[in-house]
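Raw contents of run17.cif, mmCIF, C-alpha atoms:
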data_target
#
loop_
_atom_site.group_PDB
_atom_site.id
_atom_site.type_symbol
_atom_site.label_atom_id
_atom_site.label_comp_id
_atom_site.auth_asym_id
_atom_site.auth_seq_id
_atom_site.Cartn_x
_atom_site.Cartn_y
_atom_site.Cartn_z
ATOM 1 C CA MET A 1 -0.717 -10.773 6.931
ATOM 2 C CA CYS A 2 0.093 -9.645 3.413
ATOM 3 C CA VAL A 3 3.010 -11.373 1.714
ATOM 4 C CA LEU A 4 5.249 -11.082 -1.296
ATOM 5 C CA VAL A 5 6.345 -14.393 -2.754
ATOM 6 C CA CYS A 6 9.754 -14.780 -4.395
ATOM 7 C CA ILE A 7 11.216 -17.526 -6.461
ATOM 8 C CA MET A 8 14.254 -18.548 -4.400
ATOM 9 C CA SER A 9 12.661 -16.420 -1.705
ATOM 10 C CA SER A 10 9.404 -14.703 -0.967
ATOM 11 C CA ILE A 11 8.452 -11.814 1.198
ATOM 12 C CA PRO A 12 5.499 -11.138 3.522
ATOM 13 C CA LEU A 13 4.178 -7.648 3.312
ATOM 14 C CA ILE A 14 1.761 -5.850 5.596
ATOM 15 C CA SER A 15 0.338 -2.501 4.608
ATOM 16 C CA LEU A 16 -1.757 -0.627 7.133
ATOM 17 C CA TYR A 17 -3.912 2.378 6.249
ATOM 18 C CA PHE A 18 -6.511 4.496 7.985
ATOM 19 C CA VAL A 19 -8.953 7.072 6.679
ATOM 20 C CA PHE A 20 -10.761 9.745 8.626
ATOM 21 C CA ALA A 21 -13.219 12.481 7.792
ATOM 22 C CA ILE A 22 -11.907 16.008 7.306
ATOM 23 C CA GLN A 23 -13.548 19.399 7.552
ATOM 24 C CA THR A 24 -12.152 22.038 5.226
ATOM 25 C CA ALA A 25 -11.731 25.792 5.541
ATOM 26 C CA ASP A 26 -10.689 28.085 2.696
ATOM 27 C CA GLY A 27 -9.491 25.077 0.677
ATOM 28 C CA ALA A 28 -5.916 25.178 1.992
ATOM 29 C CA ILE A 29 -6.333 24.314 5.678
ATOM 30 C CA LYS A 30 -8.009 21.193 7.026
ATOM 31 C CA LEU A 31 -8.783 20.265 10.622
ATOM 32 C CA SER A 32 -9.840 16.755 11.620
ATOM 33 C CA ALA A 33 -10.716 14.854 14.787
ATOM 34 C CA ASN A 34 -10.461 11.079 14.939
ATOM 35 C CA PRO A 35 -12.826 10.063 16.387
ATOM 36 C CA GLY A 36 -15.283 12.948 16.462
ATOM 37 C CA VAL A 37 -17.107 11.332 19.389
ATOM 38 C CA ILE A 38 -15.055 10.016 22.329
ATOM 39 C CA ASP A 39 -16.189 6.902 24.174
ATOM 40 C CA LEU A 40 -15.028 7.970 27.620
ATOM 41 C CA ASP A 41 -12.055 5.888 28.847
ATOM 42 C CA LEU A 42 -12.227 3.621 25.775
ATOM 43 C CA THR A 43 -11.030 5.511 22.715
ATOM 44 C CA SER A 44 -7.924 7.531 21.985
ATOM 45 C CA LEU A 45 -8.154 10.915 20.255
ATOM 46 C CA THR A 46 -6.147 12.504 17.450
ATOM 47 C CA VAL A 47 -6.687 16.092 16.320
ATOM 48 C CA ARG A 48 -4.766 17.069 13.200
ATOM 49 C CA CYS A 49 -4.383 20.290 11.211
ATOM 50 C CA ASP A 50 -3.117 19.969 7.627
ATOM 51 C CA VAL A 51 -2.072 22.852 5.383
ATOM 52 C CA ASN A 52 -1.656 22.431 1.649
ATOM 53 C CA GLN A 53 0.937 24.967 0.524
ATOM 54 C CA THR A 54 0.224 24.466 -3.166
ATOM 55 C CA SER A 55 -3.357 25.719 -2.846
ATOM 56 C CA GLN A 56 -2.474 28.979 -1.106
ATOM 57 C CA GLN A 57 -3.931 32.119 -2.621
ATOM 58 C CA ASN A 58 -2.584 34.964 -0.528
ATOM 59 C CA MET A 59 -0.135 33.590 2.066
ATOM 60 C CA SER A 60 3.453 33.703 0.863
ATOM 61 C CA ALA A 61 4.904 31.600 3.715
ATOM 62 C CA ILE A 62 3.679 29.719 6.787
ATOM 63 C CA LEU A 63 5.211 30.974 10.035
ATOM 64 C CA SER A 64 3.217 29.021 12.599
ATOM 65 C CA ILE A 65 0.406 26.529 13.157
ATOM 66 C CA ILE A 66 -1.469 26.655 16.470
ATOM 67 C CA VAL A 67 -4.237 24.342 17.706
ATOM 68 C CA SER A 68 -6.517 25.620 20.469
ATOM 69 C CA ARG A 69 -9.665 24.405 22.198
ATOM 70 C CA ALA A 70 -12.679 26.045 23.832
ATOM 71 C CA ALA A 71 -15.771 24.682 25.535
ATOM 72 C CA ASN A 72 -17.761 26.023 22.566
ATOM 73 C CA SER A 73 -17.257 28.423 19.669
ATOM 74 C CA SER A 74 -18.093 31.476 21.816
ATOM 75 C CA SER A 75 -15.870 30.596 24.816
ATOM 76 C CA PRO A 76 -12.240 31.648 25.368
ATOM 77 C CA TYR A 77 -9.679 29.403 23.677
ATOM 78 C CA THR A 78 -6.777 27.635 25.362
ATOM 79 C CA GLU A 79 -3.747 27.019 23.170
ATOM 80 C CA LEU A 80 -2.724 23.342 23.207
ATOM 81 C CA ALA A 81 0.261 23.029 20.855
ATOM 82 C CA SER A 82 2.106 24.895 18.137
ATOM 83 C CA VAL A 83 4.844 24.512 15.546
ATOM 84 C CA VAL A 84 6.907 27.536 14.522
ATOM 85 C CA ALA A 85 8.972 27.734 11.342
ATOM 86 C CA PHE A 86 11.741 30.105 12.510
ATOM 87 C CA LEU A 87 12.340 28.077 15.703
ATOM 88 C CA GLY A 88 13.606 25.101 13.757
ATOM 89 C CA GLU A 89 10.108 23.669 13.407
ATOM 90 C CA ARG A 90 10.107 22.804 17.088
ATOM 91 C CA VAL A 91 6.739 21.528 18.273
ATOM 92 C CA ASN A 92 5.628 23.204 21.484
ATOM 93 C CA VAL A 93 3.188 21.448 23.809
ATOM 94 C CA LEU A 94 1.431 24.288 25.600
ATOM 95 C CA SER A 95 -0.932 22.209 27.734
ATOM 96 C CA SER A 96 -0.292 19.994 30.746
ATOM 97 C CA GLU A 97 -3.171 17.592 30.040
ATOM 98 C CA GLY A 98 -1.039 14.659 28.864
ATOM 99 C CA LEU A 99 -1.089 15.099 25.096
ATOM 100 C CA THR A 100 1.723 14.379 22.660
ATOM 101 C CA ALA A 101 2.269 16.416 19.511
ATOM 102 C CA ASN A 102 4.295 16.366 16.331
ATOM 103 C CA GLY A 103 4.339 18.564 13.258
ATOM 104 C CA SER A 104 6.332 20.195 10.521
ATOM 105 C CA ILE A 105 6.268 23.357 8.416
ATOM 106 C CA GLN A 106 7.547 22.942 4.868
ATOM 107 C CA PRO A 107 8.456 25.924 2.632
ATOM 108 C CA THR A 108 6.484 24.255 -0.150
ATOM 109 C CA GLY A 109 4.105 21.347 -0.042
ATOM 110 C CA HIS A 110 2.441 19.904 3.036
ATOM 111 C CA SER A 111 2.643 21.219 6.612
ATOM 112 C CA PHE A 112 0.823 19.834 9.638
ATOM 113 C CA LEU A 113 0.368 19.785 13.400
ATOM 114 C CA GLU A 114 -1.017 16.688 15.090
ATOM 115 C CA LEU A 115 -2.134 16.242 18.717
ATOM 116 C CA HIS A 116 -2.820 12.886 20.340
ATOM 117 C CA TRP A 117 -4.304 11.676 23.626
ATOM 118 C CA ASP A 118 -4.059 7.994 24.556
ATOM 119 C CA HIS A 119 -6.781 8.245 27.182
ATOM 120 C CA PRO A 120 -8.906 11.355 26.621
ATOM 121 C CA SER A 121 -11.413 12.457 29.243
ATOM 122 C CA ASP A 122 -14.357 14.837 29.099
ATOM 123 C CA LEU A 123 -11.755 17.656 29.216
ATOM 124 C CA GLN A 124 -10.820 16.907 25.593
ATOM 125 C CA ALA A 125 -14.382 17.391 24.367
ATOM 126 C CA GLY A 126 -14.967 20.852 22.923
ATOM 127 C CA HIS A 127 -14.532 23.149 19.947
ATOM 128 C CA TYR A 128 -11.090 22.945 18.299
ATOM 129 C CA LEU A 129 -9.516 25.745 16.271
ATOM 130 C CA CYS A 130 -6.470 25.586 14.015
ATOM 131 C CA THR A 131 -4.841 28.933 13.210
ATOM 132 C CA VAL A 132 -2.200 29.236 10.491
ATOM 133 C CA GLN A 133 -0.252 32.497 10.473
ATOM 134 C CA GLY A 134 1.974 34.020 7.817
ATOM 135 C CA PRO A 135 2.587 37.111 5.662
ATOM 136 C CA ASP A 136 0.962 37.929 2.355
ATOM 137 C CA ALA A 137 3.004 39.002 -0.680
ATOM 138 C CA VAL A 138 3.201 42.568 0.659
ATOM 139 C CA GLY A 139 4.248 41.544 4.181
ATOM 140 C CA HIS A 140 0.971 41.991 6.059
ATOM 141 C CA ASN A 141 0.258 39.240 8.550
ATOM 142 C CA ILE A 142 -2.824 37.134 7.797
ATOM 143 C CA ASP A 143 -4.505 34.189 9.524
ATOM 144 C CA TRP A 144 -6.209 31.113 8.142
ATOM 145 C CA MET A 145 -8.545 29.211 10.458
ATOM 146 C CA ALA A 146 -10.364 25.876 10.512
ATOM 147 C CA GLU A 147 -12.643 24.456 13.193
ATOM 148 C CA THR A 148 -14.053 21.123 14.283
ATOM 149 C CA ASP A 149 -15.930 19.730 17.280
ATOM 150 C CA VAL A 150 -15.214 16.778 19.535
ATOM 151 C CA THR A 151 -17.976 15.417 21.732
ATOM 152 C CA MET A 152 -17.965 12.642 24.312
ATOM 153 C CA LYS A 153 -20.370 9.980 25.504
ATOM 154 C CA LEU A 154 -20.443 7.269 28.115
ATOM 155 C CA PRO A 155 -19.727 3.944 26.412
ATOM 156 C CA GLU A 156 -22.535 1.491 25.969
ATOM 157 C CA GLU A 157 -22.186 -2.137 26.947
ATOM 158 C CA GLU A 158 -21.571 -3.226 23.356
ATOM 159 C CA ASP A 159 -18.814 -0.605 23.030
ATOM 160 C CA ILE A 160 -17.093 -2.069 26.085
ATOM 161 C CA TRP A 161 -17.330 -5.595 24.709
ATOM 162 C CA ASP A 162 -15.975 -4.405 21.359
ATOM 163 C CA THR A 163 -12.986 -2.918 23.176
ATOM 164 C CA VAL A 164 -12.431 -6.120 25.159
ATOM 165 C CA ARG A 165 -12.506 -8.160 21.976
ATOM 166 C CA GLN A 166 -10.072 -5.765 20.304
ATOM 167 C CA LEU A 167 -7.717 -5.939 23.292
ATOM 168 C CA GLU A 168 -7.864 -9.726 23.162
ATOM 169 C CA GLN A 169 -6.997 -9.618 19.465
ATOM 170 C CA ASP A 170 -4.164 -7.157 20.102
ATOM 171 C CA LEU A 171 -2.819 -9.451 22.834
ATOM 172 C CA LYS A 172 -2.964 -12.429 20.495
ATOM 173 C CA LEU A 173 -1.075 -10.532 17.787
ATOM 174 C CA ALA A 174 1.494 -9.337 20.346
ATOM 175 C CA ASN A 175 2.058 -12.906 21.542
ATOM 176 C CA GLU A 176 2.429 -14.095 17.956
ATOM 177 C CA LYS A 177 4.932 -11.323 17.271
ATOM 178 C CA LEU A 178 6.873 -12.221 20.416
ATOM 179 C CA ALA A 179 6.934 -15.881 19.374
ATOM 180 C CA ASN A 180 8.128 -14.877 15.909
ATOM 181 C CA LEU A 181 10.877 -12.651 17.322
ATOM 182 C CA THR A 182 11.958 -15.469 19.638
ATOM 183 C CA ARG A 183 12.108 -17.823 16.671
ATOM 184 C CA VAL A 184 14.105 -15.296 14.646
ATOM 185 C CA LEU A 185 16.549 -14.827 17.531
ATOM 186 C CA THR A 186 16.991 -18.588 17.742
ATOM 187 C CA ILE A 187 17.624 -18.834 14.020
ATOM 188 C CA THR A 188 20.013 -15.890 14.214
ATOM 189 C CA SER A 189 21.973 -17.499 17.015
ATOM 190 C CA GLN A 190 22.201 -20.809 15.188
ATOM 191 C CA THR A 191 23.037 -19.247 11.836
ATOM 192 C CA THR A 192 25.586 -16.638 12.924
ATOM 193 C CA GLN A 193 27.677 -19.386 14.486
ATOM 194 C CA GLN A 194 28.249 -20.662 10.947
ATOM 195 C CA CYS A 195 28.995 -17.244 9.420
ATOM 196 C CA ASN A 196 32.242 -15.342 9.286
ATOM 197 C CA THR A 197 30.519 -11.968 8.897
ATOM 198 C CA ALA A 198 27.020 -10.650 9.573
ATOM 199 C CA GLY A 199 26.545 -9.920 5.886
ATOM 200 C CA ASP A 200 27.467 -13.435 4.760
ATOM 201 C CA ARG A 201 24.854 -15.129 2.600
ATOM 202 C CA CYS A 202 24.652 -17.994 5.038
ATOM 203 C CA LEU A 203 22.219 -15.710 6.880
ATOM 204 C CA GLN A 204 19.587 -16.592 4.265
ATOM 205 C CA PRO A 205 17.632 -18.886 6.684
ATOM 206 C CA LEU A 206 17.169 -15.842 8.910
ATOM 207 C CA PHE A 207 15.047 -14.181 6.227
ATOM 208 C CA PHE A 208 13.401 -17.084 4.397
ATOM 209 C CA SER A 209 11.656 -20.351 5.144
ATOM 210 C CA PRO A 210 13.104 -23.558 3.626
ATOM 211 C CA GLY A 211 10.465 -23.436 0.873
ATOM 212 C CA PHE A 212 9.915 -26.122 -1.749
ATOM 213 C CA ARG A 213 11.383 -27.217 -5.077
ATOM 214 C CA HIS A 214 9.546 -26.624 -8.344
ATOM 215 C CA ASN A 215 11.056 -27.139 -11.805
ATOM 216 C CA ASN A 216 14.682 -26.802 -10.614
ATOM 217 C CA SER A 217 13.921 -23.689 -8.537
ATOM 218 C CA THR A 218 13.311 -23.108 -4.848
ATOM 219 C CA ILE A 219 10.207 -21.106 -3.939
ATOM 220 C CA ALA A 220 10.139 -19.768 -0.379
ATOM 221 C CA ILE A 221 8.283 -17.240 1.734
ATOM 222 C CA SER A 222 10.035 -14.650 3.865
ATOM 223 C CA ARG A 223 9.992 -14.728 7.635
ATOM 224 C CA ASN A 224 9.804 -10.959 8.080
ATOM 225 C CA VAL A 225 7.440 -8.194 6.977
ATOM 226 C CA TYR A 226 8.412 -5.759 4.210
ATOM 227 C CA MET A 227 6.455 -2.596 3.454
ATOM 228 C CA ASN A 228 6.910 -2.321 -0.312
ATOM 229 C CA VAL A 229 7.631 -4.385 -3.393
ATOM 230 C CA GLY A 230 10.977 -2.674 -4.011
ATOM 231 C CA ALA A 231 12.436 -3.730 -0.648
ATOM 232 C CA ALA A 232 11.129 -7.253 -1.145
ATOM 233 C CA GLU A 233 12.580 -7.496 -4.634
ATOM 234 C CA ASN A 234 15.990 -6.198 -3.496
ATOM 235 C CA LEU A 235 16.235 -8.870 -0.802
ATOM 236 C CA CYS A 236 15.241 -11.560 -3.303
ATOM 237 C CA LYS A 237 17.977 -10.358 -5.671
ATOM 238 C CA PHE A 238 20.561 -10.269 -2.874
ATOM 239 C CA TYR A 239 20.079 -13.994 -2.395
ATOM 240 C CA GLY A 240 20.093 -14.722 -6.105
ATOM 241 C CA GLY A 241 16.342 -14.868 -6.643
ATOM 242 C CA TYR A 242 13.386 -12.768 -7.726
ATOM 243 C CA LEU A 243 9.712 -12.338 -6.932
ATOM 244 C CA VAL A 244 7.945 -15.473 -8.046
ATOM 245 C CA GLU A 245 6.382 -15.278 -11.508
ATOM 246 C CA ILE A 246 3.200 -17.309 -11.947
ATOM 247 C CA ASP A 247 3.413 -18.091 -15.652
ATOM 248 C CA ASP A 248 1.355 -21.291 -15.901
ATOM 249 C CA ALA A 249 -1.383 -23.215 -14.123
ATOM 250 C CA GLU A 250 1.037 -25.814 -12.749
ATOM 251 C CA LYS A 251 3.126 -23.234 -10.896
ATOM 252 C CA TYR A 252 -0.029 -21.445 -9.708
ATOM 253 C CA THR A 253 -1.333 -24.688 -8.187
ATOM 254 C CA ALA A 254 2.015 -25.482 -6.552
ATOM 255 C CA VAL A 255 2.443 -22.008 -5.014
ATOM 256 C CA LEU A 256 -1.181 -21.922 -3.859
ATOM 257 C CA ALA A 257 -0.804 -25.292 -2.126
ATOM 258 C CA TYR A 258 2.373 -24.066 -0.420
ATOM 259 C CA LEU A 259 0.726 -20.874 0.813
ATOM 260 C CA THR A 260 -2.408 -22.674 1.956
ATOM 261 C CA ASN A 261 -0.239 -24.739 4.290
ATOM 262 C CA THR A 262 1.650 -21.691 5.573
ATOM 263 C CA SER A 263 0.156 -20.092 8.694
ATOM 264 C CA ASP A 264 -0.877 -16.425 8.926
ATOM 265 C CA VAL A 265 -0.741 -15.745 5.188
ATOM 266 C CA ASN A 266 -3.813 -14.065 3.751
ATOM 267 C CA TYR A 267 -2.529 -12.138 0.731
ATOM 268 C CA VAL A 268 0.522 -12.456 -1.491
ATOM 269 C CA TYR A 269 2.123 -10.154 -4.016
ATOM 270 C CA ILE A 270 3.915 -11.786 -6.947
ATOM 271 C CA GLY A 271 6.326 -10.784 -9.708
ATOM 272 C CA ILE A 272 3.771 -9.388 -12.139
ATOM 273 C CA TYR A 273 3.059 -5.726 -12.831
ATOM 274 C CA LYS A 274 0.841 -3.669 -15.115
ATOM 275 C CA ASP A 275 2.484 -1.705 -17.933
ATOM 276 C CA PHE A 276 0.645 1.636 -17.844
ATOM 277 C CA LEU A 277 1.594 2.439 -21.450
ATOM 278 C CA THR A 278 0.221 -0.753 -23.007
ATOM 279 C CA GLY A 279 -2.222 -1.860 -20.307
ATOM 280 C CA GLU A 280 -0.625 -5.343 -20.355
ATOM 281 C CA PHE A 281 0.352 -7.402 -17.324
ATOM 282 C CA LYS A 282 4.041 -8.300 -17.503
ATOM 283 C CA LEU A 283 6.573 -10.424 -15.629
ATOM 284 C CA ARG A 284 8.907 -8.307 -13.475
ATOM 285 C CA GLN A 285 11.979 -10.449 -14.136
ATOM 286 C CA SER A 286 11.821 -10.724 -17.924
ATOM 287 C CA GLY A 287 9.525 -7.813 -18.799
ATOM 288 C CA THR A 288 7.514 -10.046 -21.155
ATOM 289 C CA THR A 289 3.729 -10.240 -21.233
ATOM 290 C CA THR A 290 2.512 -12.835 -18.754
ATOM 291 C CA PRO A 291 1.071 -15.896 -20.483
ATOM 292 C CA PHE A 292 -1.138 -16.808 -17.510
ATOM 293 C CA LEU A 293 -3.638 -14.899 -15.351
ATOM 294 C CA MET A 294 -5.998 -16.507 -12.858
ATOM 295 C CA TRP A 295 -8.782 -14.029 -12.117
ATOM 296 C CA ALA A 296 -11.102 -14.370 -9.152
ATOM 297 C CA GLN A 297 -14.707 -15.361 -9.723
ATOM 298 C CA GLU A 298 -16.690 -12.684 -11.614
ATOM 299 C CA GLN A 299 -13.470 -10.760 -12.294
ATOM 300 C CA PRO A 300 -12.267 -8.685 -14.002
ATOM 301 C CA VAL A 301 -15.238 -6.354 -14.163
ATOM 302 C CA ASP A 302 -13.193 -3.814 -16.124
ATOM 303 C CA ASN A 303 -9.751 -5.054 -17.089
ATOM 304 C CA THR A 304 -8.447 -1.532 -17.795
ATOM 305 C CA GLY A 305 -9.063 -0.512 -14.187
ATOM 306 C CA TYR A 306 -6.824 -3.095 -12.564
ATOM 307 C CA GLU A 307 -3.293 -2.018 -11.708
ATOM 308 C CA CYS A 308 -1.979 -4.760 -9.428
ATOM 309 C CA ILE A 309 -1.935 -8.514 -9.031
ATOM 310 C CA CYS A 310 -2.870 -10.050 -5.710
ATOM 311 C CA ARG A 311 -3.868 -13.523 -4.624
ATOM 312 C CA GLY A 312 -6.215 -13.061 -1.669
ATOM 313 C CA HIS A 313 -7.194 -15.285 1.242
ATOM 314 C CA VAL A 314 -4.830 -18.151 0.522
ATOM 315 C CA ALA A 315 -4.738 -19.511 4.052
ATOM 316 C CA GLY A 316 -6.649 -19.426 7.295
ATOM 317 C CA ARG A 317 -9.961 -18.577 5.650
#
Rendering of file as C-alpha cells:
Amino acid sequence: MCVLVCIMSSIPLISLYFVFAIQTADGAIKLSANPGVIDLDLTSLTVRCDVNQTSQQNMSAILSIIVSRAANSSSPYTELASVVAFLGERVNVLSSEGLTANGSIQPTGHSFLELHWDHPSDLQAGHYLCTVQGPDAVGHNIDWMAETDVTMKLPEEEDIWDTVRQLEQDLKLANEKLANLTRVLTITSQTTQQCNTAGDRCLQPLFFSPGFRHNNSTIAISRNVYMNVGAAENLCKFYGGYLVEIDDAEKYTAVLAYLTNTSDVNYVYIGIYKDFLTGEFKLRQSGTTTPFLMWAQEQPVDNTGYECICRGHVAGR
C-alpha cells in the first residue's frame, strides 16, 4: 500500500499502472493485445485500438472505429465491436461471444475502442484488425488499419500454480479490504452518533488513525486510499493539517518508527516537492527549501533527475 503522511493527518495512496506492448500502423493508429498469448482458461484478454488525432496526416475527422477478427490474415473477418461518432459515440457489441466493450471518439485528441474477455477460449485466438474510417479534407472516405495476432496455448503446470497463488493473494487482499470496510462502518456508526451533521469535523476519526504527538503536533496516517497528492492535501487542510514535512532527523526518526509499526504500509508520500525552475526540493506548506533530505543508500545517482520524494518499504519488509 502506498501512503501519504500528513501532519495532523496522513493519507495512504495506492497507484496502480500497467504497461503492454503495442504494434503501430501509419503512426496514428495502434492495435494491442494483452496478453498476446492466451493461457486457455487461465488468462483474460484485452484487445485495444488507439487513435492519436494529433498525428493525423490526411483524415479530417474520425467517423468510426471497428475491431474485427479472422482465423488468419487471409480469412474472412467477423466484426466484433464498433464505436460510431454520429450515433452519440455508442459502442456496439456485434458478437455474441461474451465480450464487453467500451470506447470513445473525440473530435481532437485520443480516440479508442477496447474489447475484453474475462475467460477467453480458443475462439478468441486469431488475427485482429482495427479499421478507422473518416473523410479526408476533400470529403473522400479513407480507411486506416492496424493488425495484431493473438495465439493460445494449453497452460503448463507452473502457469496453473502461478494462477492459484495469484488467486490466493487476491482472496487475501479482498478479505483485508472487507475487514477494513467493516472497521470503517463501525467507526462511522460510532462517530455519527456524536455528530449533528455528516459534514461535521467530529468525523475526523473516520478518515484518520489516532496518530502520535511530536513537538506539539499530531501526526497521523489516513484510513482510506487516495489516488493523488492533491486529494490527500485537501483532506489534510479540511481538518486543519497538512502533509507532514520531514525537516530534521528527529522528525524523520519519529515518523519512520510510527510507520514501521503500522500494518500494510510500504511507501509514503510526504509534504516535499521539487521546484522545476530551481531544481530545489521544497516544503509544500511553507514553500521554503527543505533543510533535511535522507537519501537511500547509493542515492542520488543524479540529483537533477529526481522529481519526487518517497520513503519506500517502511513496514512489512
Would you mind reading off the distance between CA of Tyr128 in chain A and CA of Leu45 in chain A, one decimal, in Å?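 Taking CA of Tyr128 in chain A as the start and CA of Leu45 in chain A as the end point, the length is 12.5 Å.
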How many Å separate CA of Phe208 in chain A from CA of Tyr258 in chain A?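 One can read the CA of Phe208 in chain A to CA of Tyr258 in chain A distance as 13.9 Å.
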Find the residue from A:Val255, A:Leu115, A:Val83, A:Val229 that sits nearest to Val47 in chain A; use only C-alpha atoms when measuring.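 Nearest to Val47 in chain A: A:Leu115.
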Given the choices A:Gly271, A:Gly279, A:Gly230, A:Pro291, which gets closest to Ala249 in chain A if the distance is worked out from only C-alpha atoms?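 Smallest separation from Ala249 in chain A among the options: A:Pro291.
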Pull out every residue that the PyMOL selection byres ((chain A and resi 129-146) around 7) matches in the shown coordinates and put them as number ranges by chain. A: 24-25, 29-31, 49, 58-69, 127-128, 147-148
For the residues in that selection, give me C-alpha atoms as a PDB file, keeping the file's coordinate frame.
ATOM      1  CA  THR A  24     -12.152  22.038   5.226  1.00  0.00           C
ATOM      2  CA  ALA A  25     -11.731  25.792   5.541  1.00  0.00           C
ATOM      3  CA  ILE A  29      -6.333  24.314   5.678  1.00  0.00           C
ATOM      4  CA  LYS A  30      -8.009  21.193   7.026  1.00  0.00           C
ATOM      5  CA  LEU A  31      -8.783  20.265  10.622  1.00  0.00           C
ATOM      6  CA  CYS A  49      -4.383  20.290  11.211  1.00  0.00           C
ATOM      7  CA  ASN A  58      -2.584  34.964  -0.528  1.00  0.00           C
ATOM      8  CA  MET A  59      -0.135  33.590   2.066  1.00  0.00           C
ATOM      9  CA  SER A  60       3.453  33.703   0.863  1.00  0.00           C
ATOM     10  CA  ALA A  61       4.904  31.600   3.715  1.00  0.00           C
ATOM     11  CA  ILE A  62       3.679  29.719   6.787  1.00  0.00           C
ATOM     12  CA  LEU A  63       5.211  30.974  10.035  1.00  0.00           C
ATOM     13  CA  SER A  64       3.217  29.021  12.599  1.00  0.00           C
ATOM     14  CA  ILE A  65       0.406  26.529  13.157  1.00  0.00           C
ATOM     15  CA  ILE A  66      -1.469  26.655  16.470  1.00  0.00           C
ATOM     16  CA  VAL A  67      -4.237  24.342  17.706  1.00  0.00           C
ATOM     17  CA  SER A  68      -6.517  25.620  20.469  1.00  0.00           C
ATOM     18  CA  ARG A  69      -9.665  24.405  22.198  1.00  0.00           C
ATOM     19  CA  HIS A 127     -14.532  23.149  19.947  1.00  0.00           C
ATOM     20  CA  TYR A 128     -11.090  22.945  18.299  1.00  0.00           C
ATOM     21  CA  GLU A 147     -12.643  24.456  13.193  1.00  0.00           C
ATOM     22  CA  THR A 148     -14.053  21.123  14.283  1.00  0.00           C
TER      23      THR A 148
END
Picked residues, the PyMOL selection byres ((chain A and resi 81) around 7), as a list in words: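 So the PyMOL selection byres ((chain A and resi 81) around 7), applied here, picks out Ile66, Val67, Glu79, Leu80, Ser82, Asn92, Val93 and Leu94 of chain A.
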To one decimal in Å, tell me the separation between CA of Ser44 in chain A and CA of Glu158 in chain A.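 About the pair CA of Ser44 in chain A and CA of Glu158 in chain A: they are 17.4 Å apart.
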A:Ser95, A:His214, A:Thr108, A:Leu42: which is nearest Glu157 in chain A, counting only C-alpha atoms?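 The shortest atom-to-atom distance to Glu157 in chain A comes from A:Leu42.
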Selection dump of the PyMOL selection byres ((chain A and resi 272) around 9), as a ChimeraX atom specification: /A:243-246,269-271,273-274,281-285,287,290,308-309
Using all atoms listed in the file, which of A:Met294, A:Leu99, A:Leu178, A:Ala125 sits nearest Glu250 in chain A?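 Answer, going by the shortest atom-to-atom distance: A:Met294.
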Mind giving me the axis-aligned box for range 99-102 of chain A with 3 Å on every side, centre plus edges in Å to one decimal, as lines of an AutoDock Vina configuration file?
center_x = 1.6
center_y = 15.4
center_z = 20.7
size_x = 11.4
size_y = 8.0
size_z = 14.8
Just the residues within 9 Å of Gly126 in chain A, please, counting only C-alpha atoms, with nothing from its chain fewer than 3 positions along; format it as a list in words. Arg69, Ala70, Ala71, Asn72, Ser73, Asp122, Leu123, Thr148, Asp149, Val150, Thr151 and Met152 of chain A
I'd like the neighbourhood of range 160-167 of chain A as a PyMOL selection string, where a residue qualifies if any of its atoms comes within 10 Å (using all atoms listed in the file), though same-chain residues fewer than 3 positions away should be ignored. chain A and resi 39+41-43+155-157+170-173
From the options A:Gly241, A:Ala220, A:Asp118, A:Phe292, which residue's atoms come nearest to Ile38 in chain A, counting all atoms listed in the file?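 Closest candidate: A:Asp118.
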Residue among A:Ala174, A:Leu113, A:Val37, A:Leu235 lying closest to Ala101 in chain A, counting only C-alpha atoms: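 Smallest separation from Ala101 in chain A among the options: A:Leu113.
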